[in-house]
>>> print(open('target.pdb').read())   # PDB, C-alpha atoms
ATOM      1  CA  MET A 242     -17.905 -24.998 -34.229  1.00  0.00           C
ATOM      2  CA  ASP A 243     -21.323 -26.565 -33.730  1.00  0.00           C
ATOM      3  CA  ASP A 244     -19.738 -29.931 -33.034  1.00  0.00           C
ATOM      4  CA  GLU A 245     -17.707 -28.452 -30.188  1.00  0.00           C
ATOM      5  CA  LEU A 246     -20.831 -27.107 -28.560  1.00  0.00           C
ATOM      6  CA  LEU A 247     -22.576 -30.459 -28.910  1.00  0.00           C
ATOM      7  CA  GLU A 248     -19.620 -32.248 -27.344  1.00  0.00           C
ATOM      8  CA  GLN A 249     -19.714 -29.942 -24.316  1.00  0.00           C
ATOM      9  CA  GLY A 250     -23.190 -31.133 -23.468  1.00  0.00           C
ATOM     10  CA  PRO A 251     -26.064 -29.303 -21.824  1.00  0.00           C
ATOM     11  CA  ARG A 252     -25.480 -26.251 -19.673  1.00  0.00           C
ATOM     12  CA  GLU A 253     -27.520 -24.564 -16.990  1.00  0.00           C
ATOM     13  CA  ALA A 254     -29.080 -21.261 -17.907  1.00  0.00           C
ATOM     14  CA  PRO A 255     -28.234 -18.320 -15.644  1.00  0.00           C
ATOM     15  CA  GLU A 256     -30.934 -17.119 -13.269  1.00  0.00           C
ATOM     16  CA  PRO A 257     -32.933 -14.231 -14.729  1.00  0.00           C
ATOM     17  CA  GLU A 258     -32.456 -10.833 -13.134  1.00  0.00           C
ATOM     18  CA  THR A 259     -35.128  -9.588 -10.814  1.00  0.00           C
ATOM     19  CA  ALA A 260     -36.690  -6.167 -11.322  1.00  0.00           C
ATOM     20  CA  GLU A 261     -34.846  -4.979  -8.220  1.00  0.00           C
ATOM     21  CA  GLU A 262     -31.447  -5.984  -9.676  1.00  0.00           C
ATOM     22  CA  ARG A 263     -32.239  -4.304 -13.000  1.00  0.00           C
ATOM     23  CA  SER A 264     -33.334  -1.054 -11.362  1.00  0.00           C
ATOM     24  CA  ARG A 265     -30.234  -0.998  -9.128  1.00  0.00           C
ATOM     25  CA  ARG A 266     -27.971  -1.433 -12.161  1.00  0.00           C
ATOM     26  CA  THR A 267     -29.818   1.284 -14.072  1.00  0.00           C
ATOM     27  CA  GLY A 268     -29.680   3.609 -11.068  1.00  0.00           C
ATOM     28  CA  LEU A 269     -25.911   3.176 -10.754  1.00  0.00           C
ATOM     29  CA  LYS A 270     -25.426   3.969 -14.439  1.00  0.00           C
ATOM     30  CA  ALA A 271     -27.544   7.102 -14.117  1.00  0.00           C
ATOM     31  CA  ALA A 272     -25.679   8.229 -10.995  1.00  0.00           C
ATOM     32  CA  SER A 273     -22.284   7.666 -12.586  1.00  0.00           C
ATOM     33  CA  GLY A 274     -23.413   9.595 -15.666  1.00  0.00           C
ATOM     34  CA  GLY A 275     -24.429  12.495 -13.444  1.00  0.00           C
ATOM     35  CA  VAL A 276     -21.060  12.469 -11.686  1.00  0.00           C
ATOM     36  CA  VAL A 277     -19.213  12.470 -15.017  1.00  0.00           C
ATOM     37  CA  ALA A 278     -21.359  15.292 -16.391  1.00  0.00           C
ATOM     38  CA  GLY A 279     -20.845  17.354 -13.229  1.00  0.00           C
ATOM     39  CA  GLY A 280     -17.100  16.724 -13.333  1.00  0.00           C
ATOM     40  CA  LEU A 281     -16.926  17.827 -16.963  1.00  0.00           C
ATOM     41  CA  GLY A 282     -18.844  21.001 -16.171  1.00  0.00           C
ATOM     42  CA  LEU A 283     -16.551  21.816 -13.244  1.00  0.00           C
ATOM     43  CA  ALA A 284     -13.449  21.059 -15.312  1.00  0.00           C
ATOM     44  CA  LYS A 285     -14.640  23.325 -18.105  1.00  0.00           C
ATOM     45  CA  ALA A 286     -15.274  26.126 -15.623  1.00  0.00           C
ATOM     46  CA  GLY A 287     -11.799  25.642 -14.101  1.00  0.00           C
ATOM     47  CA  ILE A 288     -13.214  24.881 -10.673  1.00  0.00           C
ATOM     48  CA  LEU A 289     -12.237  21.219 -10.578  1.00  0.00           C
ATOM     49  CA  GLY A 290      -8.502  21.917 -10.557  1.00  0.00           C
ATOM     50  CA  LYS A 291      -8.856  24.414  -7.727  1.00  0.00           C
ATOM     51  CA  LEU A 292     -10.973  21.924  -5.793  1.00  0.00           C
ATOM     52  CA  PHE A 293      -8.238  19.298  -6.062  1.00  0.00           C
ATOM     53  CA  VAL A 294      -5.583  21.785  -4.945  1.00  0.00           C
ATOM     54  CA  TRP A 295      -7.590  22.786  -1.887  1.00  0.00           C
ATOM     55  CA  LEU A 296      -8.345  19.138  -1.059  1.00  0.00           C
ATOM     56  CA  PHE A 297      -4.607  18.488  -1.208  1.00  0.00           C
ATOM     57  CA  VAL A 298      -3.946  21.444   1.100  1.00  0.00           C
ATOM     58  CA  TRP A 299      -6.683  20.345   3.513  1.00  0.00           C
ATOM     59  CA  ASN A 300      -5.293  16.794   3.685  1.00  0.00           C
ATOM     60  CA  GLY A 301      -1.795  18.163   4.205  1.00  0.00           C
ATOM     61  CA  VAL A 302      -2.947  20.312   7.120  1.00  0.00           C
ATOM     62  CA  GLY A 303      -4.788  17.367   8.673  1.00  0.00           C
ATOM     63  CA  THR A 304      -1.729  15.146   8.407  1.00  0.00           C
ATOM     64  CA  ALA A 305       0.510  17.836   9.861  1.00  0.00           C
ATOM     65  CA  LEU A 306      -1.826  18.300  12.818  1.00  0.00           C
ATOM     66  CA  ARG A 307      -1.702  14.557  13.520  1.00  0.00           C
ATOM     67  CA  ILE A 308       2.100  14.662  13.557  1.00  0.00           C
ATOM     68  CA  GLY A 309       1.970  17.597  15.969  1.00  0.00           C
ATOM     69  CA  GLY A 310       4.636  19.732  17.555  1.00  0.00           C
ATOM     70  CA  TRP A 311       7.095  21.923  15.673  1.00  0.00           C
ATOM     71  CA  VAL A 312       7.306  19.484  12.800  1.00  0.00           C
ATOM     72  CA  GLY A 313       3.553  19.769  12.305  1.00  0.00           C
ATOM     73  CA  ILE A 314       3.682  23.546  12.407  1.00  0.00           C
ATOM     74  CA  LEU A 315       6.494  23.609   9.837  1.00  0.00           C
ATOM     75  CA  LEU A 316       4.538  21.229   7.588  1.00  0.00           C
ATOM     76  CA  ILE A 317       1.447  23.432   7.801  1.00  0.00           C
ATOM     77  CA  LEU A 318       3.550  26.448   6.889  1.00  0.00           C
ATOM     78  CA  ALA A 319       5.124  24.592   3.945  1.00  0.00           C
ATOM     79  CA  VAL A 320       1.712  23.485   2.661  1.00  0.00           C
ATOM     80  CA  VAL A 321       0.277  27.006   2.879  1.00  0.00           C
ATOM     81  CA  VAL A 322       3.292  28.553   1.141  1.00  0.00           C
ATOM     82  CA  GLY A 323       3.154  25.845  -1.534  1.00  0.00           C
ATOM     83  CA  ALA A 324      -0.544  26.468  -2.123  1.00  0.00           C
ATOM     84  CA  VAL A 325      -0.017  30.225  -2.402  1.00  0.00           C
ATOM     85  CA  LEU A 326       2.868  29.775  -4.867  1.00  0.00           C
ATOM     86  CA  PHE A 327       0.875  27.277  -6.912  1.00  0.00           C
ATOM     87  CA  ARG A 328      -2.097  29.619  -7.031  1.00  0.00           C
ATOM     88  CA  ARG A 329       0.046  32.577  -8.118  1.00  0.00           C
ATOM     89  CA  ARG A 330       1.617  30.572 -10.951  1.00  0.00           C
ATOM     90  CA  HIS A 331      -1.655  29.118 -12.234  1.00  0.00           C
ATOM     91  CA  ALA A 332      -4.026  32.014 -11.611  1.00  0.00           C
TER      92      ALA A 332
END
>>> encode(input="target.pdb", output="structure tokens")
Amino acid sequence: MDDELLEQGPREAPEPETAEERSRRTGLKAASGGVVAGGLGLAKAGILGKLFVWLFVWNGVGTALRIGGWVGILLILAVVVGAVLFRRRHA
């Protein structure tokens, strides 16, 4: 094993991190930890699932409005009815 390393020859050392790079990396880890903790709290309270359902409904309405006309109106109606049925079954 040591012989293989000697045969490879010298290597360049990586540049050391600056304090700015270290603090950015630490800040991202802290922020992601906060997001995970918040998500777990919302999931435990049952709010996260409802949030996803309403986001789905909101996106469906937005897409239907972009399509426009009678087709858009029918899609909005289908999304609303689907959301109401889903809520009744899982409430």
>>> atom_distance(input="target.pdb", atom1="CA of Ala284 in chain A", atom2="CA of Leu318 in chain A")
28.5 Å
>>> atom_distance(input="target.pdb", atom1="CA of Val294 in chain A", atom2="CA of Val320 in chain A")
10.7 Å
>>> resolve_selection(input="target.pdb", expression="the PyMOL selection byres ((chain A and resi 301) around 12)", output="PyMOL selection string")
chain A and resi 294-300+302-308+313-324
>>> atom_distance(input="target.pdb", atom1="CA of Lys270 in chain A", atom2="CA of Leu292 in chain A")
24.6 Å
>>> closest_residue(input="target.pdb", among="A:Glu253, A:Gly290, A:Thr259, A:Leu281", to="His331 in chain A", atoms="all atoms listed in the file")
A:Gly290
>>> closest_residue(input="target.pdb", among="A:Ser264, A:Lys291, A:Ala278, A:Leu247", to="Phe327 in chain A", atoms="only C-alpha atoms")
A:Lys291
